[in-house]
$ cat work-v4.csv   # CSV, C-alpha atoms and all ligand atoms
chain,number,residue,atom,x,y,z
Z,1,MET,CA,38.7,-74.5,132.8
Z,2,LYS,CA,37.7,-71.0,134.0
Z,3,ASN,CA,36.8,-70.9,137.7
Z,4,ILE,CA,33.2,-69.6,137.7
Z,5,TYR,CA,33.6,-68.4,141.2
Z,6,SER,CA,36.6,-66.1,140.3
Z,7,ASN,CA,34.9,-63.1,141.8
Z,8,ILE,CA,34.9,-64.8,145.3
Z,9,TYR,CA,38.0,-63.8,147.2
Z,10,SER,CA,39.5,-65.0,150.5
Z,11,PHE,CA,40.5,-62.1,152.7
Z,12,ASN,CA,44.1,-60.9,152.8
Z,13,LYS,CA,46.0,-57.6,152.6
Z,14,ARG,CA,45.9,-57.6,148.8
Z,15,VAL,CA,42.1,-58.1,148.7
Z,16,LEU,CA,41.6,-55.5,151.3
Z,17,LYS,CA,43.4,-53.0,149.1
Z,18,LYS,CA,41.5,-54.1,146.0
Z,19,THR,CA,38.2,-53.8,147.9
Z,20,LEU,CA,39.0,-50.3,149.2
Z,21,LYS,CA,39.9,-49.2,145.6
Z,22,CYS,CA,36.7,-50.7,144.2
Z,23,LEU,CA,34.6,-48.9,146.8
Z,24,ASN,CA,36.6,-45.6,146.3
Z,25,GLU,CA,35.8,-45.7,142.6
Z,26,GLY,CA,32.0,-45.9,143.3
Z,27,ASN,CA,31.8,-49.6,142.6
Z,28,ILE,CA,30.0,-52.3,144.7
Z,29,ALA,CA,31.5,-55.2,146.7
Z,30,SER,CA,29.7,-57.9,148.6
Z,31,LEU,CA,31.0,-58.1,152.2
Z,32,PRO,CA,30.4,-60.6,155.0
Z,33,THR,CA,28.8,-59.4,158.3
Z,34,GLU,CA,27.9,-61.4,161.4
Z,35,THR,CA,24.2,-61.1,160.4
Z,36,VAL,CA,24.0,-61.6,156.7
Z,37,TYR,CA,26.1,-60.7,153.6
Z,38,GLY,CA,25.8,-57.1,152.4
Z,39,LEU,CA,26.1,-55.2,149.1
Z,40,ALA,CA,28.4,-52.4,150.0
Z,41,GLY,CA,28.8,-49.0,148.4
Z,42,ASN,CA,30.2,-45.5,149.3
Z,43,ALA,CA,27.3,-43.8,151.1
Z,44,TYR,CA,28.6,-40.4,149.9
Z,45,SER,CA,28.5,-41.4,146.2
Z,46,LYS,CA,25.3,-41.1,144.2
Z,47,VAL,CA,26.7,-43.4,141.6
Z,48,ALA,CA,27.4,-46.1,144.1
Z,49,ILE,CA,24.0,-45.9,145.7
Z,50,SER,CA,22.2,-46.0,142.3
Z,51,LYS,CA,24.1,-49.2,141.5
Z,52,ILE,CA,23.0,-50.8,144.7
Z,53,PHE,CA,19.3,-50.1,144.0
Z,54,LYS,CA,19.7,-51.2,140.4
Z,55,LEU,CA,21.5,-54.5,141.3
Z,56,LYS,CA,18.9,-55.4,143.9
Z,57,LYS,CA,15.9,-54.2,141.9
Z,58,ARG,CA,15.0,-52.4,145.1
Z,59,PRO,CA,12.2,-49.8,145.2
Z,60,LYS,CA,13.6,-46.3,145.7
Z,61,LYS,CA,11.4,-45.7,148.7
Z,62,ASN,CA,13.1,-48.4,150.7
Z,63,PRO,CA,16.1,-46.7,152.6
Z,64,LEU,CA,19.5,-48.4,153.2
Z,65,ILE,CA,21.3,-49.0,156.4
Z,66,ILE,CA,24.5,-46.9,156.7
Z,67,HIS,CA,27.5,-48.8,158.3
Z,68,TYR,CA,30.2,-47.2,160.5
Z,69,TYR,CA,33.3,-48.3,162.2
Z,70,SER,CA,32.6,-46.5,165.5
Z,71,ILE,CA,30.6,-43.7,167.0
Z,72,GLU,CA,33.4,-41.2,166.3
Z,73,SER,CA,32.8,-41.4,162.5
Z,74,LEU,CA,29.0,-40.9,162.9
Z,75,ASP,CA,29.1,-37.3,164.3
Z,76,LYS,CA,28.7,-35.7,160.8
Z,77,ASP,CA,25.6,-37.6,159.9
Z,78,ALA,CA,23.3,-38.3,162.8
Z,79,ILE,CA,21.9,-36.7,165.9
Z,80,TYR,CA,22.6,-38.8,169.0
Z,81,ASN,CA,20.4,-39.2,172.0
Z,82,LYS,CA,20.6,-40.9,175.4
Z,83,ASN,CA,18.9,-44.1,174.4
Z,84,PHE,CA,21.2,-44.5,171.5
Z,85,LEU,CA,24.3,-44.0,173.7
Z,86,LYS,CA,23.1,-46.6,176.2
Z,87,LEU,CA,22.4,-49.2,173.5
Z,88,TYR,CA,25.6,-48.5,171.6
Z,89,LYS,CA,27.6,-49.0,174.7
Z,90,LYS,CA,25.9,-52.3,175.4
Z,91,PHE,CA,25.5,-53.9,172.0
Z,92,CYS,CA,28.0,-52.4,169.5
Z,93,PRO,CA,29.7,-53.4,167.4
Z,94,GLY,CA,26.9,-56.0,166.8
Z,95,PRO,CA,23.6,-57.0,165.2
Z,96,ILE,CA,21.5,-53.9,165.9
Z,97,THR,CA,20.5,-51.0,163.7
Z,98,PHE,CA,19.4,-47.6,165.1
Z,99,VAL,CA,17.1,-45.1,163.3
Z,100,LEU,CA,18.1,-41.6,164.3
Z,101,LYS,CA,17.5,-38.1,163.0
Z,102,LYS,CA,19.7,-37.3,160.1
Z,103,LYS,CA,21.8,-34.1,160.3
Z,104,LYS,CA,20.9,-31.5,157.6
Z,105,SER,CA,24.6,-31.1,156.9
Z,106,SER,CA,25.2,-34.8,156.3
Z,107,LYS,CA,26.8,-35.8,153.1
Z,108,ILE,CA,25.0,-39.2,153.0
Z,109,LYS,CA,23.2,-39.2,149.7
Z,110,SER,CA,19.4,-38.6,150.1
Z,111,LEU,CA,18.8,-41.5,147.7
Z,112,ALA,CA,20.4,-43.8,150.3
Z,113,THR,CA,18.0,-42.7,152.9
Z,114,ALA,CA,15.0,-42.5,150.6
Z,115,ASN,CA,14.7,-38.7,151.1
Z,116,LEU,CA,13.7,-39.3,154.8
Z,117,ASN,CA,15.0,-37.0,157.5
Z,118,THR,CA,16.1,-40.0,159.5
Z,119,ILE,CA,19.0,-42.4,159.0
Z,120,ALA,CA,19.4,-46.0,159.9
Z,121,ILE,CA,22.9,-46.8,161.2
Z,122,ARG,CA,24.8,-50.0,162.2
Z,123,PHE,CA,28.2,-51.0,163.5
Z,124,PRO,CA,28.8,-54.5,162.3
Z,125,SER,CA,31.2,-56.7,164.3
Z,126,HIS,CA,32.5,-59.1,161.7
Z,127,ARG,CA,36.3,-58.9,161.5
Z,128,ILE,CA,36.5,-58.3,157.8
Z,129,ILE,CA,33.9,-55.6,157.5
Z,130,ARG,CA,35.5,-53.9,160.5
Z,131,ASN,CA,38.9,-53.9,158.8
Z,132,ILE,CA,37.4,-52.3,155.7
Z,133,LEU,CA,35.3,-49.7,157.6
Z,134,LYS,CA,38.3,-48.7,159.6
Z,135,LEU,CA,40.4,-47.9,156.5
Z,136,SER,CA,37.7,-46.3,154.3
Z,137,ASN,CA,37.1,-42.5,154.3
Z,138,PHE,CA,33.3,-42.9,154.0
Z,139,PRO,CA,30.5,-45.0,155.6
Z,140,LEU,CA,29.1,-47.9,153.7
Z,141,ALA,CA,25.5,-48.1,152.5
Z,142,MET,CA,24.8,-51.8,152.7
Z,143,PRO,CA,21.6,-53.7,152.3
Z,144,SER,CA,21.5,-57.5,152.3
Z,145,ALA,CA,23.1,-58.9,149.2
Z,146,ASN,CA,20.0,-60.4,147.6
Z,147,ILE,CA,17.6,-59.4,144.9
Z,148,SER,CA,14.8,-57.4,146.5
Z,149,SER,CA,12.1,-59.5,148.4
Z,150,GLY,CA,14.3,-62.7,148.4
Z,151,LEU,CA,16.2,-64.5,151.1
Z,152,SER,CA,19.3,-62.8,152.6
Z,153,PRO,CA,22.6,-64.6,151.8
Z,154,VAL,CA,24.6,-66.1,154.6
Z,155,SER,CA,27.6,-67.3,152.6
Z,156,ALA,CA,29.7,-66.0,149.7
Z,157,PHE,CA,28.2,-68.7,147.5
Z,158,ASP,CA,24.6,-67.5,148.3
Z,159,VAL,CA,25.7,-64.1,147.1
Z,160,TYR,CA,27.1,-65.6,143.9
Z,161,GLU,CA,23.8,-67.4,143.4
Z,162,GLU,CA,22.0,-64.0,143.6
Z,163,PHE,CA,24.2,-61.9,141.4
Z,164,LYS,CA,26.6,-64.2,139.6
Z,165,ARG,CA,29.4,-62.1,138.1
Z,166,LYS,CA,27.5,-58.8,138.2
Z,167,ILE,CA,29.6,-57.8,141.3
Z,168,LYS,CA,33.4,-57.6,140.9
Z,169,ILE,CA,34.3,-58.6,144.5
Z,170,ILE,CA,32.5,-61.0,146.9
Z,171,ILE,CA,34.6,-61.5,150.0
Z,172,ASN,CA,34.3,-64.9,151.6
Z,173,GLY,CA,34.1,-64.5,155.3
Z,174,GLY,CA,32.5,-67.9,156.1
Z,175,LYS,CA,29.0,-68.6,157.1
Z,176,SER,CA,27.3,-65.6,158.8
Z,177,LYS,CA,27.1,-66.5,162.5
Z,178,ILE,CA,23.8,-64.9,163.4
Z,179,GLY,CA,22.2,-65.8,160.1
Z,180,ILE,CA,19.3,-63.3,160.1
Z,181,GLU,CA,19.3,-59.5,159.7
Z,182,SER,CA,20.0,-57.0,162.5
Z,183,THR,CA,17.3,-55.8,164.9
Z,184,VAL,CA,16.1,-52.4,163.7
Z,185,VAL,CA,15.1,-50.0,166.5
Z,186,ASP,CA,13.6,-46.6,165.9
Z,187,LEU,CA,15.0,-44.1,168.5
Z,188,THR,CA,13.7,-40.9,167.0
Z,189,ASP,CA,10.8,-40.9,169.4
Z,190,LYS,CA,9.6,-43.4,171.9
Z,191,PRO,CA,11.8,-46.5,171.1
Z,192,LYS,CA,10.1,-48.9,168.8
Z,193,ILE,CA,11.2,-52.2,167.2
Z,194,LEU,CA,10.8,-51.9,163.4
Z,195,ARG,CA,12.4,-55.3,162.6
Z,196,PRO,CA,12.9,-58.0,165.3
Z,197,GLY,CA,16.3,-59.7,165.4
Z,198,ILE,CA,18.6,-61.7,167.7
Z,199,ILE,CA,18.8,-58.7,170.1
Z,200,SER,CA,15.2,-58.9,171.4
Z,201,LYS,CA,12.8,-56.4,172.7
Z,202,ASN,CA,13.4,-57.6,176.2
Z,203,ASN,CA,17.2,-57.2,175.8
Z,204,ILE,CA,16.6,-53.6,174.8
Z,205,LYS,CA,14.0,-52.9,177.4
Z,206,LYS,CA,16.5,-54.0,180.1
Z,207,ILE,CA,19.0,-51.5,179.0
Z,208,LEU,CA,16.7,-48.6,178.5
Z,209,ASN,CA,14.4,-49.3,181.5
Z,210,ILE,CA,11.3,-48.3,179.5
Z,211,ASN,CA,8.6,-50.1,177.6
Z,212,ILE,CA,9.3,-50.7,173.9
Z,213,SER,CA,6.4,-50.5,171.6
Z,214,LYS,CA,6.1,-52.9,168.6
Z,215,LYS,CA,3.1,-51.0,167.2
Z,216,LYS,CA,3.6,-50.2,163.5
Z,217,THR,CA,2.7,-46.6,162.8
Z,218,GLY,CA,2.5,-45.7,159.1
Z,219,ILE,CA,5.4,-46.8,156.9
Z,220,LYS,CA,8.2,-46.3,159.3
Z,221,ALA,CA,10.3,-49.1,157.8
Z,222,PRO,CA,9.1,-48.9,154.2
Z,223,GLY,CA,10.7,-52.1,153.1
Z,224,MET,CA,9.0,-54.0,155.8
Z,225,LEU,CA,5.5,-53.8,154.3
Z,226,LYS,CA,5.6,-56.1,151.3
Z,227,LYS,CA,6.2,-59.7,150.8
Z,228,HIS,CA,9.8,-60.3,151.9
Z,229,TYR,CA,12.4,-63.0,152.7
Z,230,SER,CA,10.8,-65.3,150.1
Z,231,PRO,CA,12.7,-68.4,149.1
Z,232,GLY,CA,10.8,-68.3,145.7
Z,233,ILE,CA,8.5,-71.3,146.5
Z,234,PRO,CA,5.4,-71.2,148.7
Z,235,VAL,CA,5.9,-71.3,152.5
Z,236,ILE,CA,3.1,-72.7,154.6
Z,237,ILE,CA,3.2,-72.4,158.4
Z,238,GLY,CA,1.9,-74.7,161.0
Z,239,LYS,CA,1.1,-77.7,158.8
Z,240,LYS,CA,2.8,-81.0,157.9
Z,241,PRO,CA,3.5,-81.7,154.2
Z,242,MET,CA,1.4,-84.5,152.5
Z,243,SER,CA,3.8,-85.3,149.7
Z,244,GLN,CA,7.5,-86.0,149.2
Z,245,ASN,CA,7.7,-83.0,146.8
Z,246,SER,CA,7.5,-80.7,149.8
Z,247,ALA,CA,10.0,-80.1,152.6
Z,248,PHE,CA,9.2,-79.8,156.2
Z,249,ILE,CA,11.1,-77.4,158.5
Z,250,ILE,CA,11.0,-78.7,162.1
Z,251,PHE,CA,12.4,-77.6,165.5
Z,252,GLY,CA,13.5,-79.8,168.4
Z,253,ARG,CA,12.7,-83.5,168.8
Z,254,LYS,CA,9.0,-83.6,168.1
Z,255,TYR,CA,9.4,-85.5,164.8
Z,256,LYS,CA,11.5,-88.5,163.7
Z,257,GLU,CA,14.0,-87.3,161.0
Z,258,ARG,CA,13.0,-88.1,157.4
Z,259,LYS,CA,14.6,-87.3,154.1
Z,260,ASN,CA,12.5,-84.2,153.4
Z,261,TYR,CA,12.6,-83.0,157.0
Z,262,TYR,CA,15.1,-80.2,157.9
Z,263,ASN,CA,15.7,-79.4,161.6
Z,264,LEU,CA,16.5,-75.8,162.5
Z,265,SER,CA,17.8,-77.0,165.9
Z,266,LYS,CA,17.7,-80.5,167.3
Z,267,LYS,CA,18.4,-79.2,170.8
Z,268,ALA,CA,15.5,-76.6,170.4
Z,269,ASP,CA,17.9,-73.7,170.7
Z,270,LEU,CA,16.2,-70.6,169.1
Z,271,LYS,CA,19.4,-68.8,168.5
Z,272,GLU,CA,20.8,-71.8,166.6
Z,273,ALA,CA,17.5,-72.1,164.7
Z,274,ALA,CA,17.7,-68.4,163.6
Z,275,SER,CA,21.2,-69.0,162.3
Z,276,ASN,CA,20.1,-72.0,160.3
Z,277,LEU,CA,16.9,-70.5,158.9
Z,278,TYR,CA,18.0,-68.9,155.6
Z,279,LYS,CA,20.7,-71.6,155.0
Z,280,ILE,CA,18.1,-74.3,155.2
Z,281,MET,CA,15.5,-72.5,153.1
Z,282,ARG,CA,18.1,-72.0,150.4
Z,283,LYS,CA,19.1,-75.6,150.6
Z,284,ILE,CA,15.5,-76.8,150.2
Z,285,LYS,CA,15.0,-74.5,147.2
Z,286,ARG,CA,18.3,-75.8,145.6
Z,287,LYS,CA,17.2,-79.4,146.0
Z,288,GLY,CA,14.1,-78.7,143.9
Z,289,TYR,CA,11.3,-79.1,146.5
Z,290,LYS,CA,8.1,-77.3,145.4
Z,291,LYS,CA,6.8,-76.1,148.7
Z,292,ILE,CA,8.1,-75.5,152.3
Z,293,TYR,CA,6.0,-76.4,155.2
Z,294,VAL,CA,7.1,-75.2,158.6
Z,295,ASP,CA,6.2,-76.5,162.1
Z,296,LYS,CA,5.2,-74.0,164.8
Z,297,ILE,CA,8.3,-72.2,166.3
Z,298,PRO,CA,8.1,-70.9,169.9
Z,299,ASN,CA,7.5,-67.1,169.7
Z,300,SER,CA,10.0,-65.9,172.4
Z,301,GLY,CA,13.4,-64.4,172.2
Z,302,PRO,CA,15.0,-65.1,168.7
Z,303,GLY,CA,11.8,-67.0,167.9
Z,304,VAL,CA,10.0,-63.6,167.4
Z,305,ALA,CA,12.5,-62.8,164.6
Z,306,ILE,CA,12.2,-66.2,163.1
Z,307,ASN,CA,8.4,-66.1,163.0
Z,308,ASP,CA,8.5,-62.5,161.6
Z,309,ARG,CA,10.6,-63.8,158.7
Z,310,LEU,CA,8.5,-66.9,158.1
Z,311,LEU,CA,5.3,-65.0,158.2
Z,312,ARG,CA,6.6,-62.5,155.5
Z,313,ALA,CA,8.0,-65.4,153.5
Z,314,SER,CA,4.5,-67.0,153.5
Z,315,LYS,CA,2.7,-63.9,152.2
D,401,LIG,O1,21.8,-57.1,159.3
D,401,LIG,C1,21.6,-56.2,158.5
D,401,LIG,O2,21.0,-55.2,158.9
D,401,LIG,C2,22.0,-56.3,157.1
D,401,LIG,C3,23.5,-56.3,157.0
D,401,LIG,C4,24.1,-56.4,155.6
D,401,LIG,O3,24.0,-55.2,157.7
D,401,LIG,N1,21.4,-55.3,156.3
D,401,LIG,C5,20.1,-55.2,156.0
D,401,LIG,O4,19.7,-54.2,155.1
D,401,LIG,O5,19.3,-56.1,156.4
D,401,LIG,P1,18.3,-54.2,154.3
D,401,LIG,O6,18.5,-53.0,153.4
D,401,LIG,O7,18.1,-55.5,153.7
D,401,LIG,O8,17.3,-53.8,155.4
D,401,LIG,C6,17.2,-52.5,155.9
D,401,LIG,C7,15.9,-52.3,156.7
D,401,LIG,C8,14.8,-52.1,155.7
D,401,LIG,O9,13.6,-52.8,156.2
D,401,LIG,C9,14.6,-50.6,155.7
D,401,LIG,O10,13.2,-50.2,155.4
D,401,LIG,C10,15.0,-50.2,157.1
D,401,LIG,O11,16.1,-51.1,157.4
D,401,LIG,N2,15.4,-48.8,157.2
D,401,LIG,C11,16.5,-48.2,156.6
D,401,LIG,N3,16.5,-46.9,156.8
D,401,LIG,C12,15.5,-46.6,157.6
D,401,LIG,C13,14.9,-45.4,158.1
D,401,LIG,N4,15.5,-44.2,158.0
D,401,LIG,N5,13.8,-45.5,158.8
D,401,LIG,C14,13.2,-46.7,159.0
D,401,LIG,N6,13.6,-47.9,158.5
D,401,LIG,C15,14.7,-47.8,157.8
D,402,MG,MG,17.2,-57.1,153.0

$ encode --input "work-v4.csv" --output "structure tokens" --more "lines below"
Ligand code: TXA
Ligand code: MG
Amino acid sequence: MKNIYSNIYSFNKRVLKKTLKCLNEGNIASLPTETVYGLAGNAYSKVAISKIFKLKKRPKKNPLIIHYYSIESLDKDAIYNKNFLKLYKKFCPGPITFVLKKKKSSKIKSLATANLNTIAIRFPSHRIIRNILKLSNFPLAMPSANISSGLSPVSAFDVYEEFKRKIKIIINGGKSKIGIESTVVDLTDKPKILRPGIISKNNIKKILNINISKKKTGIKAPGMLKKHYSPGIPVIIGKKPMSQNSAFIIFGRKYKERKNYYNLSKKADLKEAASNLYKIMRKIKRKGYKKIYVDKIPNSGPGVAINDRLLRASK
């Protein structure tokens, strides 16, 4: 029998070579990162970028994050500033994305940055993506590897579930440790969080020694406005389910375990809860539940990012 997962590969030298070739030719590969799995394409190739938008059914006005190996390879594309250098030194490589001014001479395709004069950049820390970035001659445009407005994938099988065999290569790098997308911070002006993540506003504030606003001005992160992170079934926050057809996402030890109860973290650890969020929502969907109810989650540290995703999922 044919192995239906035959586009999922374990990482080794041969697969590294195959992936570099695939990307070089303007094709798309799904790669693991520490946050979520991404759909990677050559940021200098219009063909590759178009394929990403098409695969994801992503609106053209929603710009992509461009991924780099290190700061040295960024010089051609973005204008640095002091805040960026401080945060880079502290958190990179890692789960944080910076919005900077884009250089006019940059070869990053304007389709990738939605014709903006800014560019979102990230230096992921997962060993596999670092290996690939180190050896490729171009940065990688890489959104989360899901159909637009759905849940981000945290395993190679999640990616398969989204795209089946429409992508040639899905590299299996295990479960994404962080499990939710990177923090996006706009540094083009007064620093501002556009998307909360595991690296919190306070973590950033401590390094920069200034107040960080969370105020949303206009459409700074275009993709953040609509319904997002949806598991494909209704999500209801702050209520208990009344029927066995619905699942209940809980946190800590407030409730006794039941068959349709899913605990984000028994020890009430918000970081662990964030890393389980998408995994559990996908599991609930796969089991055929019709609705997801979610208990209240504390709104501090990683809880801010969890509540942000839940709120959008419930829209
Ligand atoms: O953890 C992550 O960031 C993952 C992994 C794969 O790296 N990527 C990811 O990409 O979450 P995506 O495309 O799903 O989300 C990118 C977010 C969107 O909300 C987009 O609007 C915002 O970043 N963004 C991208 N470029 C921007 C820009 N120039 N200005 C403001 N926001 C931008
Ligand atoms: Mg996404």

$ closest_residue --input "work-v4.csv" --among "Z:Ala43, Z:Ile28, Z:Val184, Z:Val154" --to "ligand LIG 401 (chain D)" --atoms "all atoms listed in the file"
Z:Val184

$ closest_residue --input "work-v4.csv" --among "Z:Cys22, Z:Ala112, Z:Ile207, Z:Leu85" --to "ligand LIG 401 (chain D)" --atoms "only C-alpha atoms and all ligand atoms"
Z:Ala112

$ closest_residue --input "work-v4.csv" --among "Z:Lys90, Z:Lys104, Z:Lys192, Z:Lys51" --to "ligand LIG 401 (chain D)" --atoms "only C-alpha atoms and all ligand atoms"
Z:Lys192

$ residues_near_ligand --input "work-v4.csv" --ligand "ligand LIG 401 (chain D)" --cutoff "7 Å" --atoms "all atoms listed in the file" --output "ChimeraX atom specification"
/Z:33,35-39,62-65,95,97,99,113,116,118-120,122,124,142-145,180-182,184,186,194-195,220-224

$ residues_around --input "work-v4.csv" --residues "Lys279 (chain Z)" --least-positions-apart "3" --cutoff "8 Å" --atoms "all atoms listed in the file" --output "MDAnalysis selection string"
chainID Z and resid 153:154 179 275:276 282:283

$ atom_distance --input "work-v4.csv" --atom1 "CA of Gly173 (chain Z)" --atom2 "CA of Leu87 (chain Z)"
26.5 Å

$ atom_distance --input "work-v4.csv" --atom1 "CA of Arg286 (chain Z)" --atom2 "CA of Gly197 (chain Z)"
25.6 Å

$ closest_residue --input "work-v4.csv" --among "Z:Asn307, Z:Ser10, Z:Thr19, Z:Asn146" --to "ligand MG 402 (chain D)" --atoms "only C-alpha atoms and all ligand atoms"
Z:Asn146

$ atom_distance --input "work-v4.csv" --atom1 "CA of Ile284 (chain Z)" --atom2 "CA of Arg309 (chain Z)"
16.3 Å

$ closest_residue --input "work-v4.csv" --among "Z:Lys296, Z:Lys57, Z:Lys227, Z:Lys290" --to "Ile249 (chain Z)" --atoms "all atoms listed in the file"
Z:Lys296

$ residues_around --input "work-v4.csv" --residues "Asp77 (chain Z)" --least-positions-apart "6" --cutoff "6 Å" --atoms "all atoms listed in the file" --output "PyMOL selection string"
chain Z and resi 102-103+106

$ closest_residue --input "work-v4.csv" --among "Z:Lys254, Z:Asn115, Z:Ser200, Z:Ser50" --to "Gly301 (chain Z)" --atoms "only C-alpha atoms"
Z:Ser200

$ residues_around --input "work-v4.csv" --residues "Asn83 (chain Z)" --least-positions-apart "6" --cutoff "12 Å" --atoms "only C-alpha atoms" --output "list in words"
Lys89, Lys90, Phe98, Val99, Leu100, Val185, Asp186, Leu187, Thr188, Asp189, Lys190, Pro191, Lys192, Ile204, Lys205, Lys206, Ile207, Leu208, Asn209, Ile210 and Ile212 of chain Z

$ decode --input "work-v4.csv" --residues "region 60-80 of chain Z" --atoms "N, CA and C atoms" --output "PDB file, in the first residue's frame"
ATOM      1  N   LYS Z  60      -4.185  39.109  -0.250  1.00  0.00           N
ATOM      2  CA  LYS Z  60      -2.916  39.713  -0.685  1.00  0.00           C
ATOM      3  C   LYS Z  60      -2.469  40.868   0.217  1.00  0.00           C
ATOM      4  N   LYS Z  61      -3.405  41.430   0.965  1.00  0.00           N
ATOM      5  CA  LYS Z  61      -3.014  42.577   1.792  1.00  0.00           C
ATOM      6  C   LYS Z  61      -2.422  42.154   3.138  1.00  0.00           C
ATOM      7  N   ASN Z  62      -2.320  40.861   3.354  1.00  0.00           N
ATOM      8  CA  ASN Z  62      -1.742  40.381   4.608  1.00  0.00           C
ATOM      9  C   ASN Z  62      -0.274  39.972   4.401  1.00  0.00           C
ATOM     10  N   PRO Z  63       0.669  40.814   4.872  1.00  0.00           N
ATOM     11  CA  PRO Z  63       2.091  40.579   4.577  1.00  0.00           C
ATOM     12  C   PRO Z  63       2.669  39.354   5.298  1.00  0.00           C
ATOM     13  N   LEU Z  64       3.759  38.814   4.762  1.00  0.00           N
ATOM     14  CA  LEU Z  64       4.410  37.632   5.336  1.00  0.00           C
ATOM     15  C   LEU Z  64       5.601  38.035   6.199  1.00  0.00           C
ATOM     16  N   ILE Z  65       5.969  37.149   7.115  1.00  0.00           N
ATOM     17  CA  ILE Z  65       7.186  37.359   7.904  1.00  0.00           C
ATOM     18  C   ILE Z  65       8.368  36.781   7.122  1.00  0.00           C
ATOM     19  N   ILE Z  66       9.473  37.529   7.081  1.00  0.00           N
ATOM     20  CA  ILE Z  66      10.664  37.061   6.377  1.00  0.00           C
ATOM     21  C   ILE Z  66      11.669  36.522   7.412  1.00  0.00           C
ATOM     22  N   HIS Z  67      12.153  35.309   7.173  1.00  0.00           N
ATOM     23  CA  HIS Z  67      13.000  34.636   8.166  1.00  0.00           C
ATOM     24  C   HIS Z  67      14.468  34.616   7.739  1.00  0.00           C
ATOM     25  N   TYR Z  68      15.342  34.899   8.717  1.00  0.00           N
ATOM     26  CA  TYR Z  68      16.787  34.998   8.465  1.00  0.00           C
ATOM     27  C   TYR Z  68      17.559  34.097   9.417  1.00  0.00           C
ATOM     28  N   TYR Z  69      18.789  33.785   8.992  1.00  0.00           N
ATOM     29  CA  TYR Z  69      19.672  33.018   9.870  1.00  0.00           C
ATOM     30  C   TYR Z  69      20.222  33.911  10.989  1.00  0.00           C
ATOM     31  N   SER Z  70      20.715  35.098  10.602  1.00  0.00           N
ATOM     32  CA  SER Z  70      21.273  36.008  11.610  1.00  0.00           C
ATOM     33  C   SER Z  70      21.221  37.436  11.094  1.00  0.00           C
ATOM     34  N   ILE Z  71      21.619  38.345  11.952  1.00  0.00           N
ATOM     35  CA  ILE Z  71      21.540  39.767  11.637  1.00  0.00           C
ATOM     36  C   ILE Z  71      22.410  40.131  10.421  1.00  0.00           C
ATOM     37  N   GLU Z  72      23.483  39.402  10.202  1.00  0.00           N
ATOM     38  CA  GLU Z  72      24.391  39.707   9.084  1.00  0.00           C
ATOM     39  C   GLU Z  72      23.673  39.634   7.737  1.00  0.00           C
ATOM     40  N   SER Z  73      22.731  38.707   7.627  1.00  0.00           N
ATOM     41  CA  SER Z  73      22.066  38.534   6.336  1.00  0.00           C
ATOM     42  C   SER Z  73      20.898  39.502   6.132  1.00  0.00           C
ATOM     43  N   LEU Z  74      20.665  40.365   7.114  1.00  0.00           N
ATOM     44  CA  LEU Z  74      19.494  41.244   7.092  1.00  0.00           C
ATOM     45  C   LEU Z  74      19.793  42.620   6.503  1.00  0.00           C
ATOM     46  N   ASP Z  75      21.074  42.950   6.480  1.00  0.00           N
ATOM     47  CA  ASP Z  75      21.545  44.280   6.119  1.00  0.00           C
ATOM     48  C   ASP Z  75      20.956  44.835   4.817  1.00  0.00           C
ATOM     49  N   LYS Z  76      20.787  43.983   3.841  1.00  0.00           N
ATOM     50  CA  LYS Z  76      20.307  44.429   2.520  1.00  0.00           C
ATOM     51  C   LYS Z  76      18.820  44.810   2.526  1.00  0.00           C
ATOM     52  N   ASP Z  77      18.084  44.317   3.517  1.00  0.00           N
ATOM     53  CA  ASP Z  77      16.626  44.414   3.435  1.00  0.00           C
ATOM     54  C   ASP Z  77      15.959  45.374   4.416  1.00  0.00           C
ATOM     55  N   ALA Z  78      16.567  45.576   5.594  1.00  0.00           N
ATOM     56  CA  ALA Z  78      15.869  46.364   6.621  1.00  0.00           C
ATOM     57  C   ALA Z  78      16.778  47.400   7.256  1.00  0.00           C
ATOM     58  N   ILE Z  79      16.149  48.435   7.783  1.00  0.00           N
ATOM     59  CA  ILE Z  79      16.905  49.478   8.486  1.00  0.00           C
ATOM     60  C   ILE Z  79      16.828  49.201   9.985  1.00  0.00           C
ATOM     61  N   TYR Z  80      17.973  48.996  10.603  1.00  0.00           N
ATOM     62  CA  TYR Z  80      17.992  48.691  12.044  1.00  0.00           C
ATOM     63  C   TYR Z  80      17.775  49.948  12.869  1.00  0.00           C
TER      64      TYR Z  80
END
